[in-house]
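> Data file target.cif (mmCIF, C-alpha atoms) is appended below.
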data_entry
loop_
_atom_site.label_atom_id
_atom_site.label_comp_id
_atom_site.auth_asym_id
_atom_site.auth_seq_id
_atom_site.Cartn_x
_atom_site.Cartn_y
_atom_site.Cartn_z
CA MET A 1 -16.80 14.35 18.11
CA THR A 2 -17.05 16.92 15.32
CA THR A 3 -15.02 20.01 14.57
CA VAL A 4 -15.87 22.83 12.18
CA GLU A 5 -13.17 23.96 9.77
CA ALA A 6 -12.63 27.60 8.78
CA SER A 7 -14.52 26.88 5.56
CA GLY A 8 -17.59 25.88 7.58
CA VAL A 9 -17.31 22.18 6.68
CA ALA A 10 -18.10 19.81 9.56
CA ALA A 11 -15.15 17.46 10.06
CA PRO A 12 -14.54 14.45 12.31
CA ALA A 13 -12.21 14.91 15.27
CA TRP A 14 -8.89 13.13 14.80
CA ARG A 15 -8.77 12.05 18.44
CA GLY A 16 -10.41 8.78 19.31
CA GLY A 17 -11.86 6.23 16.96
CA PHE A 18 -11.74 8.04 13.64
CA GLY A 19 -8.03 8.86 13.90
CA ARG A 20 -7.18 5.22 14.55
CA LEU A 21 -9.39 3.96 11.75
CA TRP A 22 -7.84 6.51 9.37
CA SER A 23 -4.33 5.47 10.39
CA ALA A 24 -5.16 1.78 9.92
CA ALA A 25 -6.65 2.41 6.46
CA VAL A 26 -3.68 4.52 5.30
CA VAL A 27 -1.03 2.12 6.63
CA SER A 28 -2.78 -0.84 5.03
CA ARG A 29 -3.14 0.93 1.67
CA PHE A 30 0.58 1.79 1.71
CA GLY A 31 1.43 -1.89 2.09
CA ASP A 32 -1.10 -2.88 -0.58
CA ALA A 33 0.56 -0.50 -3.04
CA LEU A 34 3.95 -2.09 -2.37
CA ARG A 35 2.53 -5.56 -2.98
CA THR A 36 0.54 -4.51 -6.07
CA ALA A 37 3.64 -3.04 -7.68
CA ALA A 38 5.83 -6.04 -6.84
CA LEU A 39 3.41 -8.81 -7.78
CA PRO A 40 3.60 -8.35 -11.60
CA LEU A 41 7.39 -8.30 -11.37
CA ILE A 42 7.29 -11.68 -9.65
CA ALA A 43 4.84 -12.95 -12.28
CA VAL A 44 7.03 -11.99 -15.24
CA ARG A 45 9.96 -13.81 -13.67
CA LEU A 46 7.89 -16.99 -13.58
CA THR A 47 6.20 -16.85 -17.02
CA ASP A 48 6.20 -14.87 -20.25
CA ASP A 49 2.60 -15.82 -21.11
CA PRO A 50 0.52 -12.57 -21.21
CA LEU A 51 -2.72 -14.44 -20.54
CA VAL A 52 -1.32 -16.05 -17.40
CA ILE A 53 0.01 -12.72 -16.14
CA ALA A 54 -3.34 -11.03 -16.82
CA SER A 55 -5.10 -13.88 -15.01
CA VAL A 56 -3.22 -13.00 -11.82
CA THR A 57 -4.84 -9.55 -11.96
CA ALA A 58 -8.23 -11.08 -12.78
CA CYS A 59 -8.06 -13.08 -9.55
CA GLY A 60 -8.34 -9.75 -7.77
CA TYR A 61 -11.80 -9.16 -9.29
CA VAL A 62 -13.42 -12.58 -9.23
CA PRO A 63 -13.98 -12.84 -5.44
CA TRP A 64 -16.12 -9.69 -5.48
CA LEU A 65 -18.45 -11.36 -7.94
CA LEU A 66 -18.50 -14.63 -6.00
CA PHE A 67 -18.44 -13.49 -2.38
CA GLY A 68 -19.23 -9.77 -2.31
CA LEU A 69 -22.84 -10.26 -1.21
CA LEU A 70 -21.80 -12.85 1.37
CA GLY A 71 -19.22 -10.46 2.82
CA GLY A 72 -21.90 -7.81 3.28
CA ALA A 73 -24.31 -10.20 4.99
CA VAL A 74 -21.61 -11.39 7.38
CA ALA A 75 -20.55 -7.77 8.09
CA ASP A 76 -24.12 -6.98 9.23
CA ARG A 77 -24.18 -10.04 11.52
CA VAL A 78 -20.91 -9.62 13.40
CA ASP A 79 -19.02 -7.03 15.42
CA GLN A 80 -17.47 -5.05 12.56
CA ARG A 81 -14.44 -3.96 14.56
CA ARG A 82 -13.54 -7.54 15.45
CA ALA A 83 -14.16 -8.69 11.90
CA MET A 84 -11.79 -6.05 10.53
CA TRP A 85 -8.86 -6.76 12.83
CA ALA A 86 -9.32 -10.52 12.45
CA VAL A 87 -9.32 -10.23 8.64
CA ASP A 88 -6.20 -8.05 8.64
CA THR A 89 -4.42 -10.50 10.95
CA VAL A 90 -5.18 -13.36 8.56
CA ARG A 91 -4.14 -11.27 5.54
CA GLY A 92 -0.90 -10.37 7.29
CA ALA A 93 -0.17 -14.04 7.93
CA LEU A 94 -0.93 -14.95 4.30
CA VAL A 95 1.34 -12.27 2.84
CA ALA A 96 4.10 -13.09 5.35
CA SER A 97 3.93 -16.74 4.26
CA PHE A 98 4.17 -15.67 0.63
CA ALA A 99 7.16 -13.46 1.42
CA LEU A 100 8.84 -16.46 3.00
CA ALA A 101 8.10 -18.58 -0.08
CA VAL A 102 9.58 -15.90 -2.35
CA GLY A 103 12.64 -15.57 -0.14
CA LEU A 104 13.23 -19.32 -0.24
CA GLY A 105 12.76 -19.46 -4.01
CA HIS A 106 9.47 -21.37 -3.90
CA ALA A 107 7.23 -18.79 -5.61
CA SER A 108 5.01 -20.16 -8.39
CA ILE A 109 2.15 -19.04 -10.61
CA PRO A 110 -0.42 -21.19 -8.74
CA LEU A 111 0.76 -19.58 -5.50
CA LEU A 112 0.20 -16.13 -7.03
CA PHE A 113 -3.34 -17.15 -7.99
CA VAL A 114 -4.05 -18.41 -4.47
CA LEU A 115 -2.64 -15.25 -2.85
CA ALA A 116 -4.56 -12.82 -5.08
CA PHE A 117 -7.82 -14.75 -4.76
CA SER A 118 -7.54 -15.21 -0.97
CA LEU A 119 -6.66 -11.59 -0.21
CA THR A 120 -9.58 -10.23 -2.24
CA THR A 121 -11.98 -12.78 -0.75
CA LEU A 122 -11.08 -11.51 2.72
CA GLN A 123 -11.33 -7.94 1.45
CA THR A 124 -15.03 -8.43 0.67
CA LEU A 125 -15.70 -8.76 4.41
CA PHE A 126 -13.22 -6.07 5.47
CA ASP A 127 -14.45 -3.36 3.10
CA ASN A 128 -18.13 -3.92 3.86
CA ALA A 129 -17.46 -3.99 7.60
CA SER A 130 -15.44 -0.76 7.32
CA THR A 131 -18.24 0.99 5.43
CA ALA A 132 -20.75 -0.10 8.07
CA LEU A 133 -18.50 0.84 10.99
CA LEU A 134 -17.64 4.43 10.02
CA PRO A 135 -21.07 5.98 10.77
CA SER A 136 -20.74 4.78 14.38
CA LEU A 137 -17.41 6.60 14.79
CA VAL A 138 -18.36 10.08 13.54
CA ASP A 139 -21.34 12.39 13.86
CA PRO A 140 -23.79 12.35 10.91
CA GLU A 141 -22.92 15.87 9.77
CA ALA A 142 -19.22 14.91 9.54
CA LEU A 143 -19.73 11.67 7.60
CA GLY A 144 -18.96 13.15 4.18
CA SER A 145 -15.78 14.80 5.44
CA ALA A 146 -14.74 11.56 7.15
CA ASN A 147 -15.11 9.61 3.90
CA ALA A 148 -13.14 12.29 2.04
CA ARG A 149 -10.29 12.15 4.55
CA LEU A 150 -10.18 8.37 4.49
CA MET A 151 -10.08 8.16 0.70
CA THR A 152 -7.61 11.04 0.34
CA GLY A 153 -5.25 9.49 2.88
CA GLN A 154 -5.42 6.14 1.13
CA GLN A 155 -4.76 7.75 -2.25
CA LEU A 156 -1.79 9.68 -0.85
CA ALA A 157 -0.29 6.55 0.70
CA GLY A 158 -1.00 4.21 -2.20
CA GLY A 159 -0.79 6.55 -5.16
CA LEU A 160 2.21 8.71 -4.32
CA LEU A 161 4.13 7.79 -1.17
CA ALA A 162 4.55 4.08 -1.88
CA SER A 163 5.95 4.47 -5.40
CA PRO A 164 9.48 5.67 -4.46
CA PHE A 165 9.85 2.82 -1.96
CA VAL A 166 9.16 -0.02 -4.40
CA PRO A 167 12.52 0.02 -6.25
CA LEU A 168 14.38 0.45 -2.96
CA LEU A 169 12.65 -2.52 -1.35
CA LEU A 170 13.03 -4.67 -4.46
CA ALA A 171 16.75 -3.88 -4.49
CA ALA A 172 16.92 -5.37 -1.01
CA GLY A 173 15.25 -8.57 -2.20
CA ALA A 174 12.17 -9.79 -4.06
CA ALA A 175 10.50 -10.83 -0.80
CA VAL A 176 10.95 -7.49 0.99
CA PRO A 177 7.87 -5.64 -0.42
CA PHE A 178 5.67 -8.56 0.63
CA ALA A 179 7.20 -8.66 4.10
CA ALA A 180 6.54 -4.92 4.40
CA ASP A 181 2.92 -5.46 3.29
CA ALA A 182 2.48 -8.17 5.93
CA ALA A 183 3.78 -5.77 8.60
CA THR A 184 1.31 -3.06 7.55
CA TYR A 185 -1.59 -5.52 7.79
CA LEU A 186 -0.59 -6.49 11.32
CA LEU A 187 -0.13 -2.85 12.36
CA ALA A 188 -3.55 -1.98 10.90
CA ALA A 189 -5.10 -4.92 12.78
CA ALA A 190 -3.62 -3.63 16.05
CA LEU A 191 -4.97 -0.12 15.42
CA VAL A 192 -8.49 -1.38 14.68
CA ALA A 193 -8.42 -3.75 17.66
CA SER A 194 -7.58 -0.79 19.91
CA LEU A 195 -10.85 0.99 19.04
CA ARG A 196 -13.03 1.30 22.11
CA ILE A 197 -16.56 1.37 20.78
CA ARG A 198 -19.63 -0.58 21.68
CA ALA A 199 -21.01 -2.95 19.09
CA PRO A 200 -24.31 -1.54 17.77
CA GLU A 201 -27.43 -3.20 19.09
CA ARG A 202 -29.21 -5.23 16.45
CA ALA A 203 -32.75 -6.49 16.40
CA PRO A 204 -32.91 -10.28 16.73
CA ARG A 205 -32.88 -12.06 13.39
CA PRO A 206 -36.12 -13.79 12.46
CA ALA A 207 -36.21 -17.49 13.22
CA GLY A 208 -34.81 -19.49 10.35
CA SER A 209 -33.09 -16.47 8.76
CA THR A 210 -30.22 -17.54 6.50
CA LEU A 211 -27.29 -15.75 4.95
CA ARG A 212 -28.85 -16.31 1.53
CA ALA A 213 -32.06 -14.62 2.63
CA GLU A 214 -30.13 -11.72 4.17
CA MET A 215 -28.10 -11.25 0.98
CA ALA A 216 -31.37 -11.12 -0.95
CA ASP A 217 -32.61 -8.48 1.52
CA GLY A 218 -29.61 -6.32 0.65
CA LEU A 219 -30.29 -6.62 -3.07
CA ARG A 220 -33.98 -5.80 -2.60
CA ALA A 221 -33.17 -2.81 -0.39
CA LEU A 222 -30.81 -1.43 -3.03
CA TRP A 223 -33.35 -1.99 -5.81
CA ARG A 224 -36.21 -0.33 -3.91
CA ASP A 225 -34.26 2.85 -3.15
CA ARG A 226 -34.59 4.87 -6.36
CA PRO A 227 -31.61 7.22 -5.84
CA LEU A 228 -29.24 4.41 -4.81
CA ARG A 229 -30.44 2.23 -7.70
CA ALA A 230 -29.80 5.05 -10.15
CA ILE A 231 -26.37 5.81 -8.67
CA CYS A 232 -25.43 2.12 -8.82
CA ALA A 233 -26.39 1.94 -12.50
CA ALA A 234 -24.40 5.10 -13.22
CA THR A 235 -21.38 3.77 -11.30
CA LEU A 236 -21.50 0.54 -13.30
CA LEU A 237 -21.44 2.49 -16.58
CA CYS A 238 -18.56 4.67 -15.36
CA ASN A 239 -16.58 1.62 -14.22
CA ILE A 240 -16.97 0.02 -17.63
CA GLY A 241 -15.67 3.23 -19.20
CA MET A 242 -12.76 3.59 -16.81
CA GLY A 243 -11.91 -0.10 -17.19
CA ALA A 244 -11.67 0.41 -20.95
CA LEU A 245 -9.50 3.51 -20.57
CA ILE A 246 -7.13 2.26 -17.85
CA ALA A 247 -6.57 -1.07 -19.62
CA THR A 248 -5.42 0.71 -22.79
CA VAL A 249 -3.91 3.98 -21.53
CA VAL A 250 -0.38 2.57 -21.84
CA LEU A 251 -1.05 2.00 -25.56
CA HIS A 252 -2.60 5.46 -25.85
CA VAL A 253 0.57 7.00 -24.38
CA THR A 254 3.27 4.91 -26.04
CA ARG A 255 1.77 4.17 -29.47
CA TRP A 256 -0.80 6.92 -30.20
CA LEU A 257 1.12 9.79 -28.60
CA HIS A 258 4.61 8.18 -28.89
CA THR A 259 5.78 9.67 -25.58
CA GLY A 260 7.27 6.52 -24.05
CA ASN A 261 7.64 5.51 -20.40
CA ALA A 262 8.23 9.07 -19.20
CA GLY A 263 4.90 10.13 -20.65
CA TYR A 264 3.16 7.19 -19.01
CA ALA A 265 4.66 8.07 -15.63
CA ALA A 266 3.54 11.70 -16.03
CA VAL A 267 0.00 10.63 -16.90
CA MET A 268 -0.38 8.28 -13.92
CA THR A 269 1.12 10.89 -11.58
CA ALA A 270 -1.40 13.44 -12.87
CA TYR A 271 -4.24 11.01 -12.15
CA SER A 272 -3.01 10.42 -8.58
CA ALA A 273 -2.48 14.14 -7.96
CA GLY A 274 -5.97 14.88 -9.29
CA SER A 275 -7.43 12.28 -6.95
CA LEU A 276 -5.79 13.98 -3.98
CA ALA A 277 -7.15 17.36 -5.02
CA GLY A 278 -10.61 15.87 -5.40
CA GLY A 279 -10.52 14.57 -1.85
CA PHE A 280 -9.95 18.07 -0.49
CA VAL A 281 -12.93 19.60 -2.31
CA ALA A 282 -15.44 16.71 -2.35
CA GLN A 283 -17.35 17.78 0.76
CA ARG A 284 -17.25 21.48 -0.17
CA ILE A 285 -18.82 20.72 -3.54
CA ALA A 286 -21.52 18.61 -1.86
CA ASN A 287 -22.27 21.41 0.60
CA ARG A 288 -22.69 23.87 -2.24
CA VAL A 289 -24.76 21.88 -4.76
CA GLY A 290 -25.95 18.72 -2.95
CA ARG A 291 -24.56 15.20 -3.23
CA VAL A 292 -26.56 13.97 -6.23
CA ARG A 293 -25.93 17.16 -8.18
CA ALA A 294 -22.26 16.77 -7.30
CA LEU A 295 -22.37 13.38 -9.03
CA LEU A 296 -23.99 14.96 -12.11
CA LEU A 297 -21.26 17.60 -12.13
CA CYS A 298 -18.67 14.82 -11.99
CA VAL A 299 -19.97 12.93 -15.02
CA GLY A 300 -20.35 16.15 -17.01
CA VAL A 301 -16.73 17.22 -16.46
CA GLN A 302 -15.41 13.67 -16.87
CA THR A 303 -17.26 13.22 -20.17
CA SER A 304 -15.65 16.41 -21.48
CA SER A 305 -12.25 15.22 -20.21
CA LEU A 306 -12.59 11.92 -22.08
CA VAL A 307 -13.53 13.71 -25.29
CA LEU A 308 -10.42 15.88 -24.84
CA ILE A 309 -8.25 12.79 -24.32
CA GLY A 310 -9.69 11.01 -27.35
CA THR A 311 -9.55 13.89 -29.83
CA VAL A 312 -6.47 16.00 -29.00
CA ARG A 313 -3.26 14.20 -29.90
CA GLN A 314 -1.06 15.95 -27.33
CA LEU A 315 0.47 14.68 -24.10
CA ALA A 316 -0.61 17.86 -22.31
CA ALA A 317 -4.26 17.13 -23.18
CA LEU A 318 -3.95 13.61 -21.76
CA ILE A 319 -2.31 14.87 -18.57
CA VAL A 320 -5.03 17.50 -18.02
CA GLY A 321 -7.77 15.00 -18.85
CA MET A 322 -6.41 12.33 -16.49
CA ALA A 323 -5.97 14.87 -13.67
CA LEU A 324 -9.62 15.90 -14.07
CA LEU A 325 -10.73 12.25 -14.18
CA GLY A 326 -8.85 11.59 -10.95
CA ALA A 327 -10.20 14.66 -9.17
CA LEU A 328 -13.82 14.16 -10.16
CA GLY A 329 -13.53 10.40 -9.60
CA MET A 330 -12.61 11.08 -5.97
CA VAL A 331 -15.50 13.56 -5.61
CA TRP A 332 -17.79 10.85 -7.02
CA ASN A 333 -16.50 8.15 -4.64
CA VAL A 334 -16.79 10.29 -1.52
CA ASN A 335 -20.35 11.40 -2.24
CA GLN A 336 -21.53 8.02 -3.53
CA VAL A 337 -20.34 6.19 -0.40
CA THR A 338 -21.70 8.88 1.91
CA LEU A 339 -25.12 8.77 0.23
CA MET A 340 -25.19 5.00 0.59
CA GLN A 341 -24.35 5.22 4.31
CA GLN A 342 -26.90 7.97 4.93
CA ARG A 343 -29.75 6.29 3.08
CA SER A 344 -29.26 2.83 4.55
CA GLU A 345 -30.75 1.63 7.81
CA PRO A 346 -27.81 0.92 10.19
CA SER A 347 -28.51 -2.82 10.30
CA MET A 348 -28.43 -2.98 6.48
CA VAL A 349 -25.37 -0.89 5.60
CA GLY A 350 -23.07 -3.88 5.05
CA ARG A 351 -25.49 -5.72 2.79
CA ILE A 352 -26.47 -2.67 0.73
CA ALA A 353 -22.80 -1.70 0.35
CA ALA A 354 -22.01 -5.26 -0.75
CA ALA A 355 -24.83 -5.31 -3.30
CA PHE A 356 -23.69 -1.92 -4.62
CA ARG A 357 -20.01 -2.93 -4.86
CA THR A 358 -20.72 -6.30 -6.43
CA ALA A 359 -22.93 -4.79 -9.12
CA SER A 360 -20.65 -1.85 -9.92
CA THR A 361 -17.29 -3.67 -9.63
CA SER A 362 -18.29 -6.09 -12.37
CA GLY A 363 -17.91 -3.22 -14.84
CA ALA A 364 -14.12 -2.94 -14.54
CA PRO A 365 -13.09 -6.32 -16.03
CA LEU A 366 -15.83 -6.06 -18.65
CA GLY A 367 -14.60 -2.59 -19.57
CA ALA A 368 -11.01 -3.82 -19.87
CA LEU A 369 -12.06 -6.45 -22.41
CA LEU A 370 -14.22 -3.98 -24.35
CA GLY A 371 -11.43 -1.40 -24.30
CA GLY A 372 -9.03 -3.81 -25.93
CA ALA A 373 -11.58 -4.70 -28.61
CA VAL A 374 -12.41 -1.04 -29.33
CA ALA A 375 -8.72 -0.13 -29.59
CA GLN A 376 -8.16 -2.96 -32.05
CA VAL A 377 -11.13 -2.09 -34.27
CA TYR A 378 -11.42 1.72 -34.03
CA GLY A 379 -7.92 2.86 -33.10
CA LEU A 380 -5.95 3.56 -29.95
CA ASN A 381 -7.94 6.70 -29.09
CA GLY A 382 -11.19 4.74 -29.41
CA PRO A 383 -11.40 3.59 -25.76
CA ALA A 384 -11.39 7.19 -24.49
CA LEU A 385 -14.28 8.12 -26.79
CA PHE A 386 -16.08 4.88 -25.92
CA ALA A 387 -15.70 5.79 -22.24
CA ALA A 388 -17.07 9.29 -22.96
CA VAL A 389 -20.26 7.76 -24.37
CA LEU A 390 -20.64 5.57 -21.27
CA PHE A 391 -20.12 8.53 -18.93
CA ALA A 392 -22.76 10.50 -20.82
CA LEU A 393 -25.15 7.57 -20.39
CA ALA A 394 -24.26 7.51 -16.70
CA GLY A 395 -25.40 11.11 -16.44
CA THR A 396 -28.75 10.11 -17.92
CA ALA A 397 -29.00 7.19 -15.48
CA LEU A 398 -28.58 9.63 -12.57
CA ILE A 399 -31.69 11.65 -13.39
CA PRO A 400 -34.06 9.49 -11.26
CA ALA A 401 -31.81 10.14 -8.26
CA LEU A 402 -32.77 13.82 -8.35
CA THR A 403 -36.23 12.96 -7.03
CA PRO A 404 -36.33 12.76 -3.21
CA ASP A 405 -37.14 9.24 -2.09
CA VAL A 406 -38.27 7.48 1.09
CA PRO A 407 -35.93 5.51 3.38
CA VAL A 408 -34.99 1.98 2.34
CA VAL A 409 -36.84 0.45 5.29
CA GLU A 410 -39.46 2.27 7.30
CA PRO A 411 -38.44 2.24 10.98
CA ASP A 412 -40.83 0.32 13.18
CA ASP A 413 -39.70 1.63 16.56
CA GLY A 414 -40.30 5.34 16.15
CA ALA A 415 -36.65 6.02 15.38
CA THR A 416 -35.80 8.44 12.64
CA THR A 417 -34.05 7.43 9.48
CA ALA A 418 -31.98 9.93 7.57
CA HIS A 419 -33.39 11.30 4.34
CA VAL A 420 -31.08 12.74 1.75
CA THR A 421 -32.41 15.49 -0.43
CA PRO A 422 -30.47 16.07 -3.62
#
Kindly return the structure encoded in the file as structure tokens.

Amino acid sequence: MTTVEASGVAAPAWRGGFGRLWSAAVVSRFGDALRTAALPLIAVRLTDDPLVIASVTACGYVPWLLFGLLGGAVADRVDQRRAMWAVDTVRGALVASFALAVGLGHASIPLLFVLAFSLTTLQTLFDNASTALLPSLVDPEALGSANARLMTGQQLAGGLLASPFVPLLLAAGAAVPFAADAATYLLAAALVASLRIRAPERAPRPAGSTLRAEMADGLRALWRDRPLRAICAATLLCNIGMGALIATVVLHVTRWLHTGNAGYAAVMTAYSAGSLAGGFVAQRIANRVGRVRALLLCVGVQTSSLVLIGTVRQLAALIVGMALLGALGMVWNVNQVTLMQQRSEPSMVGRIAAAFRTASTSGAPLGALLGGAVAQVYGLNGPALFAAVLFALAGTALIPALTPDVPVVEPDDGATTAHVTP
């Protein structure tokens, strides 16, 4: 079902499947934020080696590079609803086991590695299945608004609401945030399992078809679609830039601006608040200028924001710049995901999403390393200016996406496939 807001934007009805999926996503993100905040605190109790502590975070990226394409291929083979609740049930059991280990005093660095790696490996299937499932829950004209509401709700839960709870839960015991995360996974699994939708009918797979071949199909489909290929390249460049900035922003705040922990908290709050604002306007901007032009608008404003951050040595400039980065980053994410869903044949959404995520996600860890090197050689404001150059290049990479393109796969049964005109 679809409703029309006073602004004229088509929106998904909260009743039924979308409301439950939204609730599951928001509850799960709230628990993830609790765990993400608590995990480094556990790590620093176990070791004072910066490389080891950083390696725990790196374990959250590696599975996307190793298994991202596989997760997409599996998501296109199975009932996505069942895959999602099964994955969340397993993740809930894993985090509950870790909470028990922490409570009994058996936490260790190897156990942190295993937990981070396992949760992200399972996430590769969950995220791709979720991206593929959403178009079957909402009408096509409400897809952009549905993505905006999902991402805004997750940002609100993970970026703002969870933060005040972390010190309270940690005061009750080091294991409590992990136990709470496990409970949110299980609640999310129950919500997804309660969805009453029919699994989409899929054409029989060719005889001898393998997961490897199907993963290759996803890569080829992404490469052949000119707008999606251009957007993927632009997203990779932006992720490298943001990886460089986020990895060094604490140094920018505390050593270049000399504003201490309070300044850092203000900057991160501004970024989260900007992200929320972006979620509210993402679909309206797309309705006014088109989705691809909305992406061009994003990189233009974000490039200017990064130049502001890197040249004006004032906390206010950093706060304004980070708020704009958060807002336009959310606008980018909503429209990028919606374009990918609209341009992909239903049976290919999981694989194309996986190919897109795997290619673009690789930019974040690379950017973090480059950001550290740039800060060391060119100064602590260098990463912001380095990111500005990458965002400007991303705008150039988007130009081919302005040309209308054909569907990824021509339908062979007379069905229509959505075209997206920038």
> For Thr120 in chain A, please output as a PyMOL selection string all residues within 12 Å (counting all atoms listed in the file; exclusion window: fewer than 2 positions along the same chain).
chain A and resi 32+56-68+71+87-88+91+94+113-118+122-127
> Rank A:Thr47, A:Gln376, A:Ser194, A:Thr131 by their smallest atom-to-atom distance to Leu251 in chain A, using only C-alpha atoms, and report the top residue only.
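Distance minimum relative to Leu251 in chain A lands on A:Gln376.
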> Mind pulling up the distance from CA of Ala183 in chain A to CA of Gly92 in chain A?
6.7 Å
> At a cut-off of 6 Å, using only C-alpha atoms, what residues contact range 287-303 of chain A? Leave out same-chain residues fewer than 3 positions from it and give the result as a list of chain:residue names.
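Contacts, with the query itself left out: A:Arg284, A:Leu306, A:Leu325, A:Leu328, A:Trp332, A:Asn335, A:Ala388, A:Phe391, A:Gly395, A:Pro422.
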> If the PyMOL selection byres ((chain A and resi 168-176) around 8) were run on this exact file, what residues would it hold? Put them as a ChimeraX atom specification.
/A:38,42,99-100,102-103,164-167,177-180
> Starting from the displayed file, determine the output of the PyMOL selection byres ((chain A and resi 356) around 9) and express the residue list as a list of chain:residue names.
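Selected by the PyMOL selection byres ((chain A and resi 356) around 9) in this file: A:Leu219, A:Leu222, A:Leu228, A:Arg229, A:Cys232, A:Met340, A:Arg351, A:Ile352, A:Ala353, A:Ala354, A:Ala355, A:Arg357, A:Thr358, A:Ala359, A:Ser360, A:Thr361.
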> Have a look at CA of Ile246 in chain A and CA of Ala233 in chain A and let me know their distance in Å, one decimal.
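Distance between the two atoms: 20.0 Å.
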> Kindly resolve the PyMOL selection byres ((chain A and resi 346-350) around 6) on the present coordinates and return the residues as a compact mmCIF listing (two decimals) with C-alpha atoms, in the coordinates of the input.

# COMPACT_ATOMS: atom_id res chain seq x y z
CA GLY A 72 -21.90 -7.81 3.28
CA ALA A 75 -20.55 -7.77 8.09
CA ASP A 76 -24.12 -6.98 9.23
CA ASN A 128 -18.13 -3.92 3.86
CA ALA A 132 -20.75 -0.10 8.07
CA SER A 344 -29.26 2.83 4.55
CA GLU A 345 -30.75 1.63 7.81
CA ARG A 351 -25.49 -5.72 2.79
CA ILE A 352 -26.47 -2.67 0.73
CA ALA A 353 -22.80 -1.70 0.35
> Which value, in Å to one decimal, gives the distance between CA of Trp256 in chain A and CA of Val52 in chain A?
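Separating CA of Trp256 in chain A from CA of Val52 in chain A is a distance of 26.3 Å.
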